[in-house]
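Visitor: Below is the file upload32.pdb, with PDB, C-alpha atoms and all ligand atoms.
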ATOM      1  CA  MET A  65      38.479  -3.853   4.499  1.00  0.00           C
ATOM      2  CA  GLU A  66      36.990  -0.793   2.808  1.00  0.00           C
ATOM      3  CA  ASN A  67      35.519  -2.987   0.077  1.00  0.00           C
ATOM      4  CA  ILE A  68      34.012  -5.372   2.608  1.00  0.00           C
ATOM      5  CA  LEU A  69      32.390  -2.451   4.460  1.00  0.00           C
ATOM      6  CA  LYS A  70      31.129  -1.063   1.160  1.00  0.00           C
ATOM      7  CA  SER A  71      29.472  -4.329   0.190  1.00  0.00           C
ATOM      8  CA  ILE A  72      27.934  -4.762   3.669  1.00  0.00           C
ATOM      9  CA  ARG A  73      26.551  -1.226   3.400  1.00  0.00           C
ATOM     10  CA  SER A  74      25.073  -1.817  -0.057  1.00  0.00           C
ATOM     11  CA  TYR A  75      23.587  -5.141   1.120  1.00  0.00           C
ATOM     12  CA  PHE A  76      21.749  -3.384   3.959  1.00  0.00           C
ATOM     13  CA  GLU A  77      20.694  -0.541   1.634  1.00  0.00           C
ATOM     14  CA  MET A  78      19.245  -3.126  -0.749  1.00  0.00           C
ATOM     15  CA  GLU A  79      17.446  -4.867   2.123  1.00  0.00           C
ATOM     16  CA  LYS A  80      16.074  -1.536   3.374  1.00  0.00           C
ATOM     17  CA  GLU A  81      14.829  -0.640  -0.143  1.00  0.00           C
ATOM     18  CA  SER A  82      12.881  -3.862  -0.179  1.00  0.00           C
ATOM     19  CA  GLY A  83      11.326  -3.347   3.219  1.00  0.00           C
ATOM     20  CA  VAL A  84      13.645  -5.220   5.551  1.00  0.00           C
ATOM     21  CA  SER A  85      14.423  -2.678   8.236  1.00  0.00           C
ATOM     22  CA  GLU A  86      13.575  -4.371  11.484  1.00  0.00           C
ATOM     23  CA  TYR A  87      16.624  -6.471  12.319  1.00  0.00           C
ATOM     24  CA  LEU A  88      16.409  -5.650  16.013  1.00  0.00           C
ATOM     25  CA  PHE A  89      13.259  -7.633  16.528  1.00  0.00           C
ATOM     26  CA  SER A  90      13.282  -9.937  13.521  1.00  0.00           C
ATOM     27  CA  SER A  91      13.061 -13.008  15.780  1.00  0.00           C
ATOM     28  CA  LYS A  92       9.593 -11.888  16.971  1.00  0.00           C
ATOM     29  CA  PRO A  93       6.438 -13.254  15.318  1.00  0.00           C
ATOM     30  CA  LYS A  94       5.132 -11.287  12.374  1.00  0.00           C
ATOM     31  CA  ASP A  95       2.028  -9.990  14.143  1.00  0.00           C
ATOM     32  CA  VAL A  96       4.185  -8.596  16.956  1.00  0.00           C
ATOM     33  CA  ARG A  97       6.556  -6.992  14.448  1.00  0.00           C
ATOM     34  CA  LEU A  98       3.628  -5.492  12.571  1.00  0.00           C
ATOM     35  CA  SER A  99       2.182  -3.963  15.744  1.00  0.00           C
ATOM     36  CA  LEU A 100       5.610  -2.544  16.621  1.00  0.00           C
ATOM     37  CA  VAL A 101       5.678  -0.814  13.235  1.00  0.00           C
ATOM     38  CA  LYS A 102       2.105   0.390  13.853  1.00  0.00           C
ATOM     39  CA  ASN A 103       3.279   1.929  17.137  1.00  0.00           C
ATOM     40  CA  GLN A 104       6.152   3.666  15.370  1.00  0.00           C
ATOM     41  CA  VAL A 105       3.675   5.109  12.866  1.00  0.00           C
ATOM     42  CA  SER A 106       1.390   6.419  15.602  1.00  0.00           C
ATOM     43  CA  GLY A 107       4.256   8.492  16.989  1.00  0.00           C
ATOM     44  CA  CYS A 108       5.854   9.334  13.652  1.00  0.00           C
ATOM     45  CA  ARG A 109       7.019  12.905  12.990  1.00  0.00           C
ATOM     46  CA  LYS A 110       9.204  12.136   9.961  1.00  0.00           C
ATOM     47  CA  CYS A 111       7.244  14.666   7.895  1.00  0.00           C
ATOM     48  CA  PRO A 112       4.972  17.632   8.724  1.00  0.00           C
ATOM     49  CA  LEU A 113       1.801  15.556   8.192  1.00  0.00           C
ATOM     50  CA  GLY A 114       2.475  13.934  11.570  1.00  0.00           C
ATOM     51  CA  GLU A 115       1.673  17.242  13.302  1.00  0.00           C
ATOM     52  CA  MET A 116      -1.559  17.755  11.347  1.00  0.00           C
ATOM     53  CA  ARG A 117      -3.289  14.407  11.706  1.00  0.00           C
ATOM     54  CA  THR A 118      -6.084  13.429  14.064  1.00  0.00           C
ATOM     55  CA  ASN A 119      -5.080   9.756  13.777  1.00  0.00           C
ATOM     56  CA  SER A 120      -2.498   7.912  11.765  1.00  0.00           C
ATOM     57  CA  VAL A 121      -3.986   5.247   9.506  1.00  0.00           C
ATOM     58  CA  PHE A 122      -1.826   2.137   9.502  1.00  0.00           C
ATOM     59  CA  GLY A 123      -3.846  -0.564   7.793  1.00  0.00           C
ATOM     60  CA  SER A 124      -6.556  -3.125   8.354  1.00  0.00           C
ATOM     61  CA  GLY A 125      -7.160  -6.783   7.646  1.00  0.00           C
ATOM     62  CA  ARG A 126      -5.517 -10.151   8.069  1.00  0.00           C
ATOM     63  CA  ILE A 127      -1.774 -10.485   8.413  1.00  0.00           C
ATOM     64  CA  ASP A 128      -2.030 -13.698   6.378  1.00  0.00           C
ATOM     65  CA  ALA A 129      -4.175 -12.094   3.645  1.00  0.00           C
ATOM     66  CA  LYS A 130      -3.667 -13.429   0.128  1.00  0.00           C
ATOM     67  CA  LEU A 131      -4.679 -10.073  -1.341  1.00  0.00           C
ATOM     68  CA  MET A 132      -3.446  -6.617  -0.369  1.00  0.00           C
ATOM     69  CA  PHE A 133      -4.869  -3.308  -1.596  1.00  0.00           C
ATOM     70  CA  VAL A 134      -2.621  -0.261  -1.473  1.00  0.00           C
ATOM     71  CA  GLY A 135      -4.234   3.156  -1.792  1.00  0.00           C
ATOM     72  CA  GLU A 136      -2.865   6.675  -1.726  1.00  0.00           C
ATOM     73  CA  ALA A 137      -3.419   8.383   1.625  1.00  0.00           C
ATOM     74  CA  PRO A 138      -6.078   8.757   4.312  1.00  0.00           C
ATOM     75  CA  GLY A 139      -8.872  11.249   3.655  1.00  0.00           C
ATOM     76  CA  HIS A 140     -11.121  13.076   6.126  1.00  0.00           C
ATOM     77  CA  ASP A 141     -13.082  10.031   7.350  1.00  0.00           C
ATOM     78  CA  GLU A 142      -9.993   7.860   7.625  1.00  0.00           C
ATOM     79  CA  ASP A 143      -8.178  10.568   9.615  1.00  0.00           C
ATOM     80  CA  ILE A 144     -11.094  10.726  12.059  1.00  0.00           C
ATOM     81  CA  GLN A 145     -11.512   6.956  12.434  1.00  0.00           C
ATOM     82  CA  GLY A 146      -7.874   5.847  12.074  1.00  0.00           C
ATOM     83  CA  MET A 147      -8.943   3.187   9.551  1.00  0.00           C
ATOM     84  CA  PRO A 148      -8.212   2.985   5.813  1.00  0.00           C
ATOM     85  CA  PHE A 149     -10.940   3.358   3.188  1.00  0.00           C
ATOM     86  CA  VAL A 150     -13.925   4.061   5.428  1.00  0.00           C
ATOM     87  CA  GLY A 151     -15.263   7.076   3.477  1.00  0.00           C
ATOM     88  CA  GLU A 152     -17.118   7.178   0.163  1.00  0.00           C
ATOM     89  CA  ALA A 153     -14.233   5.646  -1.806  1.00  0.00           C
ATOM     90  CA  GLY A 154     -14.005   2.975   0.881  1.00  0.00           C
ATOM     91  CA  VAL A 155     -17.647   2.037   0.450  1.00  0.00           C
ATOM     92  CA  LEU A 156     -16.958   1.473  -3.239  1.00  0.00           C
ATOM     93  CA  LEU A 157     -13.781  -0.500  -2.497  1.00  0.00           C
ATOM     94  CA  THR A 158     -15.750  -2.697  -0.090  1.00  0.00           C
ATOM     95  CA  LYS A 159     -18.341  -3.341  -2.831  1.00  0.00           C
ATOM     96  CA  ILE A 160     -15.563  -4.314  -5.256  1.00  0.00           C
ATOM     97  CA  ILE A 161     -14.050  -6.724  -2.703  1.00  0.00           C
ATOM     98  CA  GLU A 162     -17.431  -8.285  -1.946  1.00  0.00           C
ATOM     99  CA  ALA A 163     -18.170  -8.619  -5.676  1.00  0.00           C
ATOM    100  CA  MET A 164     -14.979 -10.695  -5.836  1.00  0.00           C
ATOM    101  CA  GLY A 165     -16.580 -13.074  -3.352  1.00  0.00           C
ATOM    102  CA  ILE A 166     -14.226 -12.019  -0.562  1.00  0.00           C
ATOM    103  CA  GLU A 167     -14.965 -10.494   2.854  1.00  0.00           C
ATOM    104  CA  ARG A 168     -13.309  -7.120   3.434  1.00  0.00           C
ATOM    105  CA  GLU A 169     -11.827  -8.457   6.712  1.00  0.00           C
ATOM    106  CA  ASP A 170      -9.971 -11.147   4.780  1.00  0.00           C
ATOM    107  CA  VAL A 171      -7.854  -8.786   2.667  1.00  0.00           C
ATOM    108  CA  TYR A 172      -5.200  -6.350   3.897  1.00  0.00           C
ATOM    109  CA  ILE A 173      -5.800  -2.670   3.125  1.00  0.00           C
ATOM    110  CA  CYS A 174      -3.285   0.131   3.553  1.00  0.00           C
ATOM    111  CA  ASN A 175      -1.923   3.265   1.910  1.00  0.00           C
ATOM    112  CA  ILE A 176       1.296   4.833   0.679  1.00  0.00           C
ATOM    113  CA  LEU A 177       0.946   7.637   3.270  1.00  0.00           C
ATOM    114  CA  LYS A 178      -0.176   6.957   6.812  1.00  0.00           C
ATOM    115  CA  CYS A 179      -1.335  10.523   7.558  1.00  0.00           C
ATOM    116  CA  ARG A 180      -3.859  12.700   5.759  1.00  0.00           C
ATOM    117  CA  PRO A 181      -2.464  15.438   3.501  1.00  0.00           C
ATOM    118  CA  PRO A 182      -4.277  18.775   4.040  1.00  0.00           C
ATOM    119  CA  GLN A 183      -7.417  19.117   1.881  1.00  0.00           C
ATOM    120  CA  ASN A 184      -6.642  15.649   0.491  1.00  0.00           C
ATOM    121  CA  ARG A 185      -4.006  17.068  -1.824  1.00  0.00           C
ATOM    122  CA  ASN A 186      -1.662  14.681  -3.648  1.00  0.00           C
ATOM    123  CA  PRO A 187       1.191  13.204  -1.615  1.00  0.00           C
ATOM    124  CA  LEU A 188       4.476  15.107  -2.001  1.00  0.00           C
ATOM    125  CA  PRO A 189       7.645  13.211  -2.973  1.00  0.00           C
ATOM    126  CA  GLY A 190       9.243  14.031   0.422  1.00  0.00           C
ATOM    127  CA  GLU A 191       6.200  12.666   2.265  1.00  0.00           C
ATOM    128  CA  ILE A 192       6.293   9.473   0.226  1.00  0.00           C
ATOM    129  CA  SER A 193       9.969   8.905   0.886  1.00  0.00           C
ATOM    130  CA  ALA A 194       9.535   9.627   4.623  1.00  0.00           C
ATOM    131  CA  CYS A 195       6.650   7.138   4.870  1.00  0.00           C
ATOM    132  CA  ILE A 196       7.461   4.385   2.383  1.00  0.00           C
ATOM    133  CA  ASP A 197       9.494   2.157   4.721  1.00  0.00           C
ATOM    134  CA  TYR A 198       6.341   1.533   6.777  1.00  0.00           C
ATOM    135  CA  LEU A 199       4.582   0.170   3.700  1.00  0.00           C
ATOM    136  CA  TYR A 200       7.614  -1.913   2.732  1.00  0.00           C
ATOM    137  CA  SER A 201       7.480  -3.493   6.204  1.00  0.00           C
ATOM    138  CA  GLN A 202       3.739  -4.180   5.900  1.00  0.00           C
ATOM    139  CA  ILE A 203       4.238  -5.896   2.536  1.00  0.00           C
ATOM    140  CA  GLU A 204       7.158  -7.904   3.913  1.00  0.00           C
ATOM    141  CA  MET A 205       5.114  -9.090   6.915  1.00  0.00           C
ATOM    142  CA  VAL A 206       1.910  -9.874   5.030  1.00  0.00           C
ATOM    143  CA  ARG A 207       3.638 -11.287   1.901  1.00  0.00           C
ATOM    144  CA  PRO A 208       0.326 -11.526  -0.015  1.00  0.00           C
ATOM    145  CA  LYS A 209      -0.029 -13.541  -3.196  1.00  0.00           C
ATOM    146  CA  VAL A 210      -1.312 -10.470  -5.064  1.00  0.00           C
ATOM    147  CA  ILE A 211      -1.044  -6.717  -4.490  1.00  0.00           C
ATOM    148  CA  CYS A 212      -3.581  -4.435  -6.127  1.00  0.00           C
ATOM    149  CA  GLY A 213      -2.287  -0.880  -6.559  1.00  0.00           C
ATOM    150  CA  LEU A 214      -5.198   1.564  -6.332  1.00  0.00           C
ATOM    151  CA  GLY A 215      -4.392   4.502  -8.571  1.00  0.00           C
ATOM    152  CA  LYS A 216      -1.344   6.288  -9.802  1.00  0.00           C
ATOM    153  CA  PHE A 217       0.485   6.969  -6.526  1.00  0.00           C
ATOM    154  CA  ALA A 218       0.378   3.419  -5.189  1.00  0.00           C
ATOM    155  CA  SER A 219       1.253   1.855  -8.526  1.00  0.00           C
ATOM    156  CA  GLN A 220       3.960   4.265  -9.665  1.00  0.00           C
ATOM    157  CA  THR A 221       5.596   4.353  -6.225  1.00  0.00           C
ATOM    158  CA  LEU A 222       5.788   0.594  -5.709  1.00  0.00           C
ATOM    159  CA  LEU A 223       6.749  -0.180  -9.288  1.00  0.00           C
ATOM    160  CA  LYS A 224       9.219   2.738  -9.381  1.00  0.00           C
ATOM    161  CA  ILE A 225       7.847   3.769 -12.740  1.00  0.00           C
ATOM    162  CA  GLU A 226       6.261   6.928 -14.162  1.00  0.00           C
ATOM    163  CA  THR A 227       3.930   5.347 -16.720  1.00  0.00           C
ATOM    164  CA  PRO A 228       0.387   6.784 -16.463  1.00  0.00           C
ATOM    165  CA  ILE A 229      -2.123   4.610 -14.591  1.00  0.00           C
ATOM    166  CA  SER A 230      -4.257   4.393 -17.753  1.00  0.00           C
ATOM    167  CA  LYS A 231      -1.353   2.477 -19.366  1.00  0.00           C
ATOM    168  CA  LEU A 232      -0.269   0.522 -16.299  1.00  0.00           C
ATOM    169  CA  ARG A 233      -3.672  -0.841 -15.329  1.00  0.00           C
ATOM    170  CA  GLY A 234      -4.925  -4.187 -16.487  1.00  0.00           C
ATOM    171  CA  SER A 235      -1.603  -5.949 -16.913  1.00  0.00           C
ATOM    172  CA  TRP A 236       0.492  -7.882 -14.464  1.00  0.00           C
ATOM    173  CA  HIS A 237       3.620  -6.387 -12.956  1.00  0.00           C
ATOM    174  CA  GLU A 238       5.823  -7.637 -10.169  1.00  0.00           C
ATOM    175  CA  TYR A 239       6.834  -6.225  -6.817  1.00  0.00           C
ATOM    176  CA  ARG A 240       9.582  -8.291  -5.149  1.00  0.00           C
ATOM    177  CA  GLY A 241       8.273 -11.577  -6.481  1.00  0.00           C
ATOM    178  CA  ILE A 242       4.628 -10.666  -5.705  1.00  0.00           C
ATOM    179  CA  LYS A 243       2.121 -10.333  -8.554  1.00  0.00           C
ATOM    180  CA  PHE A 244       1.085  -6.673  -8.814  1.00  0.00           C
ATOM    181  CA  MET A 245      -2.046  -5.420 -10.562  1.00  0.00           C
ATOM    182  CA  PRO A 246      -2.473  -1.655 -10.953  1.00  0.00           C
ATOM    183  CA  THR A 247      -6.009  -0.385 -11.360  1.00  0.00           C
ATOM    184  CA  TYR A 248      -7.954   2.850 -11.027  1.00  0.00           C
ATOM    185  CA  HIS A 249      -8.504   4.326  -7.566  1.00  0.00           C
ATOM    186  CA  PRO A 250     -12.108   4.044  -6.250  1.00  0.00           C
ATOM    187  CA  ALA A 251     -12.201   7.865  -5.799  1.00  0.00           C
ATOM    188  CA  TYR A 252     -11.484   8.191  -9.526  1.00  0.00           C
ATOM    189  CA  LEU A 253     -14.323   5.730 -10.220  1.00  0.00           C
ATOM    190  CA  LEU A 254     -16.724   7.885  -8.208  1.00  0.00           C
ATOM    191  CA  ARG A 255     -15.937  10.714 -10.643  1.00  0.00           C
ATOM    192  CA  ASN A 256     -15.740   8.462 -13.719  1.00  0.00           C
ATOM    193  CA  PRO A 257     -18.251   5.643 -13.198  1.00  0.00           C
ATOM    194  CA  ARG A 258     -17.955   4.567 -16.855  1.00  0.00           C
ATOM    195  CA  ASP A 259     -14.494   3.175 -16.053  1.00  0.00           C
ATOM    196  CA  LYS A 260     -15.886   0.766 -13.455  1.00  0.00           C
ATOM    197  CA  LYS A 261     -16.005  -1.918 -16.138  1.00  0.00           C
ATOM    198  CA  LEU A 262     -12.238  -1.573 -16.668  1.00  0.00           C
ATOM    199  CA  VAL A 263     -11.637  -2.092 -12.950  1.00  0.00           C
ATOM    200  CA  TRP A 264     -13.914  -5.127 -13.047  1.00  0.00           C
ATOM    201  CA  GLU A 265     -11.720  -6.575 -15.829  1.00  0.00           C
ATOM    202  CA  ASP A 266      -8.613  -5.998 -13.683  1.00  0.00           C
ATOM    203  CA  VAL A 267     -10.298  -7.480 -10.641  1.00  0.00           C
ATOM    204  CA  LYS A 268     -11.304 -10.604 -12.592  1.00  0.00           C
ATOM    205  CA  LYS A 269      -7.624 -11.153 -13.406  1.00  0.00           C
ATOM    206  CA  ILE A 270      -6.839 -10.902  -9.698  1.00  0.00           C
ATOM    207  CA  MET A 271      -9.535 -13.477  -8.897  1.00  0.00           C
ATOM    208  CA  GLU A 272      -8.060 -15.848 -11.471  1.00  0.00           C
ATOM    209  CA  ALA A 273      -4.590 -15.415  -9.980  1.00  0.00           C
ATOM    210  CA  LEU A 274      -5.882 -15.996  -6.445  1.00  0.00           C
ATOM    211  CA  ASN A 275      -7.868 -19.062  -7.376  1.00  0.00           C
ATOM    212  CA  GLY A 276      -5.419 -20.477  -9.882  1.00  0.00           C
TER     213      GLY A 276
HETATM  214  N1  LIG B 301      -8.257   7.116  -0.395  1.00  0.00           N
HETATM  215  C1  LIG B 301      -7.123   6.421  -0.195  1.00  0.00           C
HETATM  216  O1  LIG B 301      -6.264   6.349  -1.061  1.00  0.00           O
HETATM  217  N2  LIG B 301      -6.972   5.798   0.967  1.00  0.00           N
HETATM  218  C2  LIG B 301      -7.870   5.810   1.933  1.00  0.00           C
HETATM  219  O2  LIG B 301      -7.656   5.211   2.980  1.00  0.00           O
HETATM  220  C3  LIG B 301      -9.057   6.547   1.692  1.00  0.00           C
HETATM  221  C4  LIG B 301      -9.247   7.189   0.536  1.00  0.00           C
END
Give the structure from this file in structure tokens form.
Ligand code: URA
Guide:
Amino acid sequence: MENILKSIRSYFEMEKESGVSEYLFSSKPKDVRLSLVKNQVSGCRKCPLGEMRTNSVFGSGRIDAKLMFVGEAPGHDEDIQGMPFVGEAGVLLTKIIEAMGIEREDVYICNILKCRPPQNRNPLPGEISACIDYLYSQIEMVRPKVICGLGKFASQTLLKIETPISKLRGSWHEYRGIKFMPTYHPAYLLRNPRDKKLVWEDVKKIMEALNG
């Protein structure tokens, strides 16, 4: 009996790790499940960032998107508007998406953290672990063909790896059977415009994978 309970527990732990955490309403359509998770996020107090935010920033785009971008955390503009990537880095991300021949509305965009860290500091490990199940659920519901990890935090967190982004970017990885391409964060590109050509190389690989 003890062994049976142990294996049931490790099965559910494995499922939870991979984003399956919503058994109670798993018979509901995906869009309903996604909005239930969005509601949970808007009332979330799992870490201190929940008390500091103006708005939580869940995600935007199509639930049936073929391409998902995962960034780091909301900044000032995102916190005010409750939408991901609407500030300066967002303008650049939108240009990248449009250069791929895709409308921004047709991809899904979200972040590792759903609330803005003070002064846009890096996410803390405790904040990431408090928030990560929301992202796992989003990925599970959208099930895109390709995920593009924007920067170190998105890529290292989802791939569970500590390799620097400069080494990770540009080659294919896998997240739960989904092709995963790490690349530089648009905010980094604003500071280092010479590396835009590297991101363009990564993005071309994504276009090939989407069209292939
Ligand atoms: N940077 C991010 O990582 N995410 C946003 O939503 C905005 C800026």
Visitor: What do you get as an NGL selection string if you pick all residues at most 8 Å from ligand LIG 301 (chain B), counting all atoms listed in the file?
Guide: :A and (121 or 134-139 or 141-142 or 147-154 or 174-176 or 214-215 or 249-251)
Visitor: Written as a PyMOL selection string, what is the full residue list that the PyMOL selection byres (((chain A and resi 179) around 9) and not hetatm) yields on the file shown?
Guide: chain A and resi 113-114+116-122+137-139+143+177-178+180-181
Visitor: Name the residues that the PyMOL selection byres (((chain A and resi 188-200) around 6) and not hetatm) picks from the file above, as a list in words, using the file's chain letters and numbers.
Guide: Gly83, Lys110, Leu177, Pro187, Ser201, Gln202 and Ile203 of chain A
Visitor: Between A:Leu253, A:Leu131, A:Ile144, A:Met65, which has the minimum distance to Met164 in chain A (counting only C-alpha atoms)?
Guide: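 The shortest atom-to-atom distance to Met164 in chain A comes from A:Leu131.
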Visitor: What is the distance between CA of Lys243 in chain A and CA of Lys92 in chain A, in Å to one decimal?
Guide: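 Pair CA of Lys243 in chain A / CA of Lys92 in chain A returns 26.6 Å.
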Visitor: Taking (-7.6, -14.5, -6.8) in the coordinates of the supplied file, I want to know which residues reach to within 12 Å of it, counting all atoms listed in the file; could you give the answer as a ChimeraX atom specification?
Guide: /A:129-132,161,164-166,171,208-212,243-245,266-276
Visitor: Pick the closest to Arg207 in chain A from A:Glu169, A:Thr227, A:Asn103, A:Lys94: which is it, counting all atoms listed in the file?
Guide: A:Lys94
Visitor: Could you tell me how far CA of Arg185 in chain A lies from CA of Tyr252 in chain A, in Å and to one decimal?
Guide: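 That distance, rounded to one decimal, is 13.9 Å.
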Visitor: Please measure the separation of CA of Leu223 in chain A and CA of Gly123 in chain A, giving the value in Å to one decimal.
Guide: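 We find that CA of Leu223 in chain A and CA of Gly123 in chain A lie 20.1 Å from each other.
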Visitor: Closest to Ala218 in chain A among A:Ser91, A:Asn186, A:Asn67, A:Ser106, using only C-alpha atoms?
Guide: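 Distance minimum relative to Ala218 in chain A lands on A:Asn186.
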Visitor: So that all listed atoms of range 124-142 of chain A fit with 8 Å spare on each side, what axis-aligned box centre and edge lengths in Å, to one decimal, would you give as AutoDock Vina command-line options?
Guide:
--center_x -7.4 --center_y -0.3 --center_z 3.3 --size_x 27.3 --size_y 42.8 --size_z 26.2
Visitor: Find, counting all atoms listed in the file, the residue in A:Ser235, A:Thr247, A:Leu156, A:Asp95 that gets nearest to Asp128 in chain A.
Guide: A:Asp95
